[in-house]
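Engineer: Just one file: entry30.pdb, with PDB, C-alpha atoms.
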ATOM      1  CA  PRO A  26       7.799  78.616 -35.080  1.00  0.00           C
ATOM      2  CA  ILE A  27       6.693  76.755 -38.184  1.00  0.00           C
ATOM      3  CA  TYR A  28       6.577  73.475 -36.265  1.00  0.00           C
ATOM      4  CA  TRP A  29       4.500  74.959 -33.439  1.00  0.00           C
ATOM      5  CA  ARG A  30       2.188  76.543 -35.992  1.00  0.00           C
ATOM      6  CA  SER A  31       1.421  73.052 -37.317  1.00  0.00           C
ATOM      7  CA  TYR A  32      -0.434  72.288 -34.071  1.00  0.00           C
ATOM      8  CA  GLU A  33      -2.760  75.251 -34.559  1.00  0.00           C
ATOM      9  CA  VAL A  34      -3.751  74.874 -38.216  1.00  0.00           C
ATOM     10  CA  ARG A  35      -6.402  72.800 -39.900  1.00  0.00           C
ATOM     11  CA  SER A  36      -5.289  69.413 -41.198  1.00  0.00           C
ATOM     12  CA  ALA A  37      -5.200  70.719 -44.794  1.00  0.00           C
ATOM     13  CA  TRP A  38      -2.225  72.928 -43.836  1.00  0.00           C
ATOM     14  CA  VAL A  39      -0.177  70.206 -42.136  1.00  0.00           C
ATOM     15  CA  LEU A  40       1.379  68.845 -45.331  1.00  0.00           C
ATOM     16  CA  PRO A  41       2.411  72.274 -46.735  1.00  0.00           C
ATOM     17  CA  ILE A  42       3.986  73.153 -43.373  1.00  0.00           C
ATOM     18  CA  ALA A  43       5.857  69.833 -43.315  1.00  0.00           C
ATOM     19  CA  ILE A  44       7.067  70.412 -46.880  1.00  0.00           C
ATOM     20  CA  ALA A  45       8.289  73.894 -45.884  1.00  0.00           C
ATOM     21  CA  MET A  46      10.252  72.394 -42.970  1.00  0.00           C
ATOM     22  CA  LEU A  47      11.696  69.721 -45.264  1.00  0.00           C
ATOM     23  CA  LEU A  48      12.808  72.402 -47.724  1.00  0.00           C
ATOM     24  CA  ILE A  49      14.397  74.493 -44.957  1.00  0.00           C
ATOM     25  CA  GLY A  50      16.229  71.429 -43.632  1.00  0.00           C
ATOM     26  CA  SER A  51      17.359  70.479 -47.133  1.00  0.00           C
ATOM     27  CA  ALA A  52      18.638  74.016 -47.782  1.00  0.00           C
ATOM     28  CA  LEU A  53      20.526  74.182 -44.460  1.00  0.00           C
ATOM     29  CA  THR A  54      22.097  70.711 -44.586  1.00  0.00           C
ATOM     30  CA  PRO A  55      24.894  71.612 -47.066  1.00  0.00           C
ATOM     31  CA  ILE A  56      25.819  74.498 -44.747  1.00  0.00           C
ATOM     32  CA  SER A  57      25.362  72.635 -41.451  1.00  0.00           C
ATOM     33  CA  PHE A  58      24.318  69.057 -40.808  1.00  0.00           C
ATOM     34  CA  GLY A  59      22.075  70.460 -38.034  1.00  0.00           C
ATOM     35  CA  GLY A  60      19.588  71.223 -40.807  1.00  0.00           C
ATOM     36  CA  ASN A  61      18.515  67.599 -40.493  1.00  0.00           C
ATOM     37  CA  THR A  62      16.548  68.653 -37.408  1.00  0.00           C
ATOM     38  CA  PHE A  63      14.061  70.414 -39.654  1.00  0.00           C
ATOM     39  CA  VAL A  64      13.536  67.157 -41.569  1.00  0.00           C
ATOM     40  CA  ILE A  65      12.822  65.333 -38.312  1.00  0.00           C
ATOM     41  CA  TYR A  66      10.366  68.057 -37.286  1.00  0.00           C
ATOM     42  CA  ALA A  67       8.683  67.760 -40.687  1.00  0.00           C
ATOM     43  CA  LEU A  68       8.227  64.031 -40.061  1.00  0.00           C
ATOM     44  CA  ALA A  69       6.851  64.720 -36.587  1.00  0.00           C
ATOM     45  CA  THR A  70       4.404  67.215 -38.088  1.00  0.00           C
ATOM     46  CA  VAL A  71       2.927  64.719 -40.544  1.00  0.00           C
ATOM     47  CA  GLY A  72       2.869  62.085 -37.802  1.00  0.00           C
ATOM     48  CA  TYR A  73       0.672  64.269 -35.615  1.00  0.00           C
ATOM     49  CA  GLY A  74      -1.454  65.870 -38.285  1.00  0.00           C
ATOM     50  CA  ALA A  75      -1.719  63.792 -41.468  1.00  0.00           C
ATOM     51  CA  ARG A  76      -3.460  60.530 -42.276  1.00  0.00           C
ATOM     52  CA  VAL A  77      -1.383  57.403 -41.749  1.00  0.00           C
ATOM     53  CA  ARG A  78      -0.962  56.683 -45.475  1.00  0.00           C
ATOM     54  CA  THR A  79      -0.034  60.287 -46.142  1.00  0.00           C
ATOM     55  CA  ALA A  80       2.517  60.176 -43.316  1.00  0.00           C
ATOM     56  CA  ILE A  81       4.092  56.992 -44.681  1.00  0.00           C
ATOM     57  CA  ALA A  82       4.236  58.416 -48.205  1.00  0.00           C
ATOM     58  CA  PHE A  83       5.745  61.641 -46.841  1.00  0.00           C
ATOM     59  CA  PHE A  84       8.344  59.631 -44.908  1.00  0.00           C
ATOM     60  CA  ALA A  85       9.450  57.819 -48.068  1.00  0.00           C
ATOM     61  CA  ALA A  86       9.488  61.038 -50.120  1.00  0.00           C
ATOM     62  CA  ALA A  87      11.343  62.991 -47.410  1.00  0.00           C
ATOM     63  CA  CYS A  88      14.014  60.301 -47.091  1.00  0.00           C
ATOM     64  CA  ALA A  89      14.448  60.178 -50.862  1.00  0.00           C
ATOM     65  CA  ALA A  90      14.608  63.984 -51.129  1.00  0.00           C
ATOM     66  CA  TYR A  91      17.032  64.263 -48.238  1.00  0.00           C
ATOM     67  CA  GLY A  92      19.199  61.522 -49.724  1.00  0.00           C
ATOM     68  CA  LEU A  93      19.273  63.491 -52.980  1.00  0.00           C
ATOM     69  CA  VAL A  94      20.343  66.630 -51.084  1.00  0.00           C
ATOM     70  CA  LEU A  95      23.146  64.673 -49.413  1.00  0.00           C
ATOM     71  CA  GLU A  96      24.247  63.238 -52.765  1.00  0.00           C
ATOM     72  CA  LEU A  97      24.211  66.623 -54.508  1.00  0.00           C
ATOM     73  CA  SER A  98      26.044  68.246 -51.581  1.00  0.00           C
ATOM     74  CA  GLY A  99      28.773  65.653 -51.628  1.00  0.00           C
ATOM     75  CA  LEU A 100      27.929  64.564 -48.094  1.00  0.00           C
ATOM     76  CA  PRO A 101      28.056  60.878 -47.168  1.00  0.00           C
ATOM     77  CA  MET A 102      24.780  58.978 -47.590  1.00  0.00           C
ATOM     78  CA  THR A 103      25.293  57.471 -44.135  1.00  0.00           C
ATOM     79  CA  LEU A 104      24.014  60.787 -42.778  1.00  0.00           C
ATOM     80  CA  LEU A 105      20.565  59.762 -44.045  1.00  0.00           C
ATOM     81  CA  LEU A 106      20.468  56.869 -41.574  1.00  0.00           C
ATOM     82  CA  PRO A 107      20.057  58.916 -38.335  1.00  0.00           C
ATOM     83  CA  VAL A 108      17.510  61.195 -39.998  1.00  0.00           C
ATOM     84  CA  ALA A 109      15.487  58.216 -41.257  1.00  0.00           C
ATOM     85  CA  MET A 110      15.741  56.337 -37.968  1.00  0.00           C
ATOM     86  CA  ILE A 111      15.044  59.214 -35.588  1.00  0.00           C
ATOM     87  CA  GLY A 112      12.498  60.833 -37.907  1.00  0.00           C
ATOM     88  CA  GLY A 113      10.759  57.495 -38.448  1.00  0.00           C
ATOM     89  CA  VAL A 114      10.560  56.760 -34.733  1.00  0.00           C
ATOM     90  CA  VAL A 115       9.245  60.260 -34.022  1.00  0.00           C
ATOM     91  CA  MET A 116       6.726  60.133 -36.881  1.00  0.00           C
ATOM     92  CA  PHE A 117       5.393  56.661 -36.112  1.00  0.00           C
ATOM     93  CA  GLY A 118       5.341  57.476 -32.404  1.00  0.00           C
ATOM     94  CA  ALA A 119       3.216  60.513 -33.224  1.00  0.00           C
ATOM     95  CA  VAL A 120       0.914  58.429 -35.431  1.00  0.00           C
ATOM     96  CA  PHE A 121       0.429  55.809 -32.727  1.00  0.00           C
ATOM     97  CA  SER A 122      -0.014  58.494 -30.078  1.00  0.00           C
ATOM     98  CA  ARG A 123      -2.737  60.131 -32.150  1.00  0.00           C
ATOM     99  CA  ILE A 124      -4.460  56.765 -32.676  1.00  0.00           C
ATOM    100  CA  GLN A 125      -4.236  56.034 -28.937  1.00  0.00           C
ATOM    101  CA  ASN A 126      -5.618  59.476 -28.065  1.00  0.00           C
ATOM    102  CA  ARG A 127      -8.570  58.888 -30.387  1.00  0.00           C
ATOM    103  CA  ARG A 128      -9.215  55.469 -28.828  1.00  0.00           C
ATOM    104  CA  ASN A 129      -8.987  56.958 -25.338  1.00  0.00           C
ATOM    105  CA  ALA A 130     -11.499  59.654 -26.300  1.00  0.00           C
ATOM    106  CA  GLU A 131     -13.864  56.978 -27.650  1.00  0.00           C
ATOM    107  CA  LEU A 132     -13.382  54.968 -24.469  1.00  0.00           C
ATOM    108  CA  ARG A 133     -14.194  58.004 -22.314  1.00  0.00           C
ATOM    109  CA  LEU A 134     -17.383  58.559 -24.347  1.00  0.00           C
ATOM    110  CA  THR A 135     -18.312  54.902 -23.965  1.00  0.00           C
ATOM    111  CA  GLN A 136     -17.699  54.988 -20.221  1.00  0.00           C
ATOM    112  CA  GLU A 137     -19.791  58.145 -19.870  1.00  0.00           C
ATOM    113  CA  GLU A 138     -22.608  56.475 -21.818  1.00  0.00           C
ATOM    114  CA  VAL A 139     -22.408  53.424 -19.519  1.00  0.00           C
ATOM    115  CA  ARG A 140     -22.597  55.704 -16.460  1.00  0.00           C
ATOM    116  CA  ARG A 141     -25.548  57.591 -17.963  1.00  0.00           C
ATOM    117  CA  LEU A 142     -27.387  54.345 -18.736  1.00  0.00           C
ATOM    118  CA  ALA A 143     -26.657  53.012 -15.235  1.00  0.00           C
ATOM    119  CA  ARG A 144     -28.095  56.186 -13.663  1.00  0.00           C
ATOM    120  CA  MET A 145     -31.169  55.959 -15.896  1.00  0.00           C
ATOM    121  CA  ASN A 146     -31.607  52.259 -15.041  1.00  0.00           C
ATOM    122  CA  GLU A 147     -31.313  53.033 -11.321  1.00  0.00           C
ATOM    123  CA  ARG A 148     -33.929  55.783 -11.583  1.00  0.00           C
ATOM    124  CA  GLU A 149     -36.277  53.391 -13.354  1.00  0.00           C
ATOM    125  CA  ARG A 150     -35.672  50.733 -10.685  1.00  0.00           C
ATOM    126  CA  ILE A 151     -36.398  53.242  -7.918  1.00  0.00           C
ATOM    127  CA  GLY A 152     -39.537  54.321  -9.736  1.00  0.00           C
ATOM    128  CA  ARG A 153     -40.703  50.703 -10.085  1.00  0.00           C
ATOM    129  CA  ASP A 154     -39.951  50.017  -6.410  1.00  0.00           C
ATOM    130  CA  LEU A 155     -41.891  53.081  -5.269  1.00  0.00           C
ATOM    131  CA  HIS A 156     -44.766  52.209  -7.580  1.00  0.00           C
ATOM    132  CA  ASP A 157     -44.858  48.656  -6.231  1.00  0.00           C
ATOM    133  CA  LEU A 158     -44.602  49.968  -2.690  1.00  0.00           C
ATOM    134  CA  LEU A 159     -47.270  52.686  -2.975  1.00  0.00           C
ATOM    135  CA  GLY A 160     -49.531  51.591  -5.823  1.00  0.00           C
ATOM    136  CA  HIS A 161     -51.516  49.018  -3.851  1.00  0.00           C
ATOM    137  CA  THR A 162     -51.524  51.130  -0.685  1.00  0.00           C
ATOM    138  CA  LEU A 163     -52.822  54.274  -2.383  1.00  0.00           C
ATOM    139  CA  SER A 164     -55.497  52.255  -4.195  1.00  0.00           C
ATOM    140  CA  LEU A 165     -56.576  50.788  -0.861  1.00  0.00           C
ATOM    141  CA  ILE A 166     -56.657  54.257   0.739  1.00  0.00           C
ATOM    142  CA  ALA A 167     -58.776  55.591  -2.146  1.00  0.00           C
ATOM    143  CA  ILE A 168     -61.294  52.727  -1.878  1.00  0.00           C
ATOM    144  CA  LYS A 169     -61.538  52.950   1.903  1.00  0.00           C
ATOM    145  CA  SER A 170     -61.935  56.765   1.750  1.00  0.00           C
ATOM    146  CA  GLU A 171     -64.761  56.382  -0.752  1.00  0.00           C
ATOM    147  CA  LEU A 172     -66.372  53.725   1.455  1.00  0.00           C
ATOM    148  CA  ALA A 173     -66.015  55.964   4.551  1.00  0.00           C
ATOM    149  CA  GLY A 174     -67.630  58.835   2.646  1.00  0.00           C
ATOM    150  CA  LYS A 175     -70.607  56.634   1.688  1.00  0.00           C
ATOM    151  CA  LEU A 176     -70.931  55.176   5.208  1.00  0.00           C
ATOM    152  CA  LEU A 177     -70.775  58.532   6.987  1.00  0.00           C
ATOM    153  CA  PRO A 178     -74.474  59.540   6.456  1.00  0.00           C
ATOM    154  CA  ARG A 179     -75.771  56.039   7.364  1.00  0.00           C
ATOM    155  CA  ASP A 180     -73.300  54.593   9.891  1.00  0.00           C
ATOM    156  CA  ALA A 181     -70.855  57.034  11.475  1.00  0.00           C
ATOM    157  CA  ALA A 182     -69.202  54.331  13.606  1.00  0.00           C
ATOM    158  CA  ALA A 183     -68.401  52.174  10.536  1.00  0.00           C
ATOM    159  CA  ALA A 184     -67.125  55.288   8.728  1.00  0.00           C
ATOM    160  CA  ALA A 185     -64.911  56.084  11.725  1.00  0.00           C
ATOM    161  CA  THR A 186     -63.541  52.521  11.638  1.00  0.00           C
ATOM    162  CA  GLN A 187     -62.705  52.928   7.922  1.00  0.00           C
ATOM    163  CA  ILE A 188     -61.023  56.302   8.603  1.00  0.00           C
ATOM    164  CA  GLY A 189     -58.965  54.678  11.383  1.00  0.00           C
ATOM    165  CA  GLU A 190     -57.863  51.925   8.971  1.00  0.00           C
ATOM    166  CA  ILE A 191     -56.981  54.586   6.368  1.00  0.00           C
ATOM    167  CA  GLU A 192     -54.812  56.336   8.941  1.00  0.00           C
ATOM    168  CA  SER A 193     -53.116  53.061   9.874  1.00  0.00           C
ATOM    169  CA  ILE A 194     -52.499  52.142   6.219  1.00  0.00           C
ATOM    170  CA  ALA A 195     -51.135  55.636   5.478  1.00  0.00           C
ATOM    171  CA  ARG A 196     -48.744  55.504   8.459  1.00  0.00           C
ATOM    172  CA  LYS A 197     -47.537  52.035   7.441  1.00  0.00           C
ATOM    173  CA  ALA A 198     -46.968  53.238   3.854  1.00  0.00           C
ATOM    174  CA  LEU A 199     -45.124  56.301   5.108  1.00  0.00           C
ATOM    175  CA  GLY A 200     -42.818  54.063   7.172  1.00  0.00           C
ATOM    176  CA  GLU A 201     -42.177  51.817   4.162  1.00  0.00           C
ATOM    177  CA  VAL A 202     -41.343  54.854   1.979  1.00  0.00           C
ATOM    178  CA  ARG A 203     -38.948  56.192   4.624  1.00  0.00           C
ATOM    179  CA  GLU A 204     -37.280  52.776   4.854  1.00  0.00           C
ATOM    180  CA  ALA A 205     -36.964  52.558   1.065  1.00  0.00           C
ATOM    181  CA  VAL A 206     -35.544  56.080   0.785  1.00  0.00           C
ATOM    182  CA  SER A 207     -32.994  55.475   3.558  1.00  0.00           C
ATOM    183  CA  GLY A 208     -32.002  52.243   1.780  1.00  0.00           C
ATOM    184  CA  ILE A 209     -31.536  54.172  -1.463  1.00  0.00           C
ATOM    185  CA  ARG A 210     -29.419  56.809   0.302  1.00  0.00           C
ATOM    186  CA  ALA A 211     -27.319  54.131   2.012  1.00  0.00           C
ATOM    187  CA  SER A 212     -26.569  52.380  -1.300  1.00  0.00           C
ATOM    188  CA  GLY A 213     -25.635  55.651  -3.030  1.00  0.00           C
TER
END
Mind turning this structure into structure tokens?
Structural biologist:
Amino acid sequence: PIYWRSYEVRSAWVLPIAIAMLLIGSALTPISFGGNTFVIYALATVGYGARVRTAIAFFAAACAAYGLVLELSGLPMTLLLPVAMIGGVVMFGAVFSRIQNRRNAELRLTQEEVRRLARMNERERIGRDLHDLLGHTLSLIAIKSELAGKLLPRDAAAAATQIGEIESIARKALGEVREAVSGIRASG
């Protein structure tokens, strides 16, 4: 329960929890060598939750403290070797896993930013294309409409010709917009 609690607490509590597990393991070892499991869990805890330097310092201190417990208990010092090896592998594996998880999170953020910028760039490109496509046409329609309005009182036939050209230009522009939009849809 103490080990699982270490996943839920703030980082300031990781070291005290690891020390508590180390003390429990040290107290149980003279009774049963299975107490070494608590030492390994303490190393895993600092690997997942403490800074790298703190984890390394804790590893050295835990090995020294556990060696002292073995010495005072009259147990062979060779029993420190599996604790140091397994605990070290677990702790450094946890440290590297945490570093990799952080890098993966940064990579996901970077990839999302690239996707966001690509979408924004595509919107701008579409906007430029539509502006290029319609800007000239709409200006031409505006000028011809103004001309037709001025010609209407004096020369209705010339005004009708201008209105016919406006209609033709508008239909051509509409076809170009439809073609551009279907091209955009086809490309995704």
Engineer: List the residues selected by the PyMOL selection byres ((chain A and resi 37-49) around 10) in the file shown, writing them as a ChimeraX atom specification.
Structural biologist: /A:27-28,30-36,50-54,60-75,79-80,83,87-88,90-91
Engineer: If you measure from atom CA of Arg123 of chain A to atom CA of Ile81 of chain A, what distance in Å do you get, rounded to one decimal?
Structural biologist: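 Separation between atom CA of Arg123 of chain A and atom CA of Ile81 of chain A: 14.6 Å.
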Engineer: If we count all atoms listed in the file, what is near Asp157 of chain A at a cut-off of 12 Å, once residues fewer than 5 positions away on the same chain are taken out, given as a ChimeraX atom specification?
Structural biologist: /A:150-152,162-164,198,201-202,205
Engineer: With distances taken over all atoms listed in the file, which of A:Val206, A:Ile188, A:Ala89, A:Leu155 is nearest to Leu106 of chain A?
Structural biologist: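 The closest residue to Leu106 of chain A is A:Ala89.
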Engineer: So that all listed atoms of segment 79-92 of chain A fit with 6 Å spare on each side, what axis-aligned box centre and edge lengths in Å, to one decimal, would you give as lines of an AutoDock Vina configuration file?
Structural biologist:
center_x = 9.6
center_y = 60.6
center_z = -47.2
size_x = 31.2
size_y = 19.3
size_z = 19.8
Engineer: Restricting the calculation to all atoms listed in the file: of A:Val77, A:Arg179, A:Ile191, A:Pro55, which residue gets closest to Ile124 of chain A?
Structural biologist: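 Closest residue, counting all atoms listed in the file: A:Val77.
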Engineer: Counting only C-alpha atoms, figure out which residue out of A:Ala85, A:Ala130, A:Val94, A:Val139 gets nearest to Met110 of chain A.
Structural biologist: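 For Met110 of chain A, the nearest of the given residues is A:Ala85.
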Engineer: Using Å and a single decimal, report how far atom CA of Phe121 of chain A sits from atom CA of Leu105 of chain A.
Structural biologist: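 Interatomic distance, atom CA of Leu105 of chain A to atom CA of Phe121 of chain A: 23.4 Å.
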Engineer: Give me the result of the PyMOL selection byres ((chain A and resi 169) around 12) on this file, residue by residue, as a PyMOL selection string.
Structural biologist: chain A and resi 162-168+170-177+183-195
Engineer: Tell me, in Å to one decimal, how far atom CA of Glu131 of chain A is from atom CA of Gly113 of chain A.
Structural biologist: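 For atom CA of Glu131 of chain A relative to atom CA of Gly113 of chain A, the distance reads 26.9 Å.
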Engineer: Would you please work out which residue, of A:Gln125, A:Asp154, A:His161, A:Leu100, is nearest to Gly208 of chain A when using only C-alpha atoms?
Structural biologist: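 Checking each candidate against Gly208 of chain A, we get A:Asp154 as the closest.
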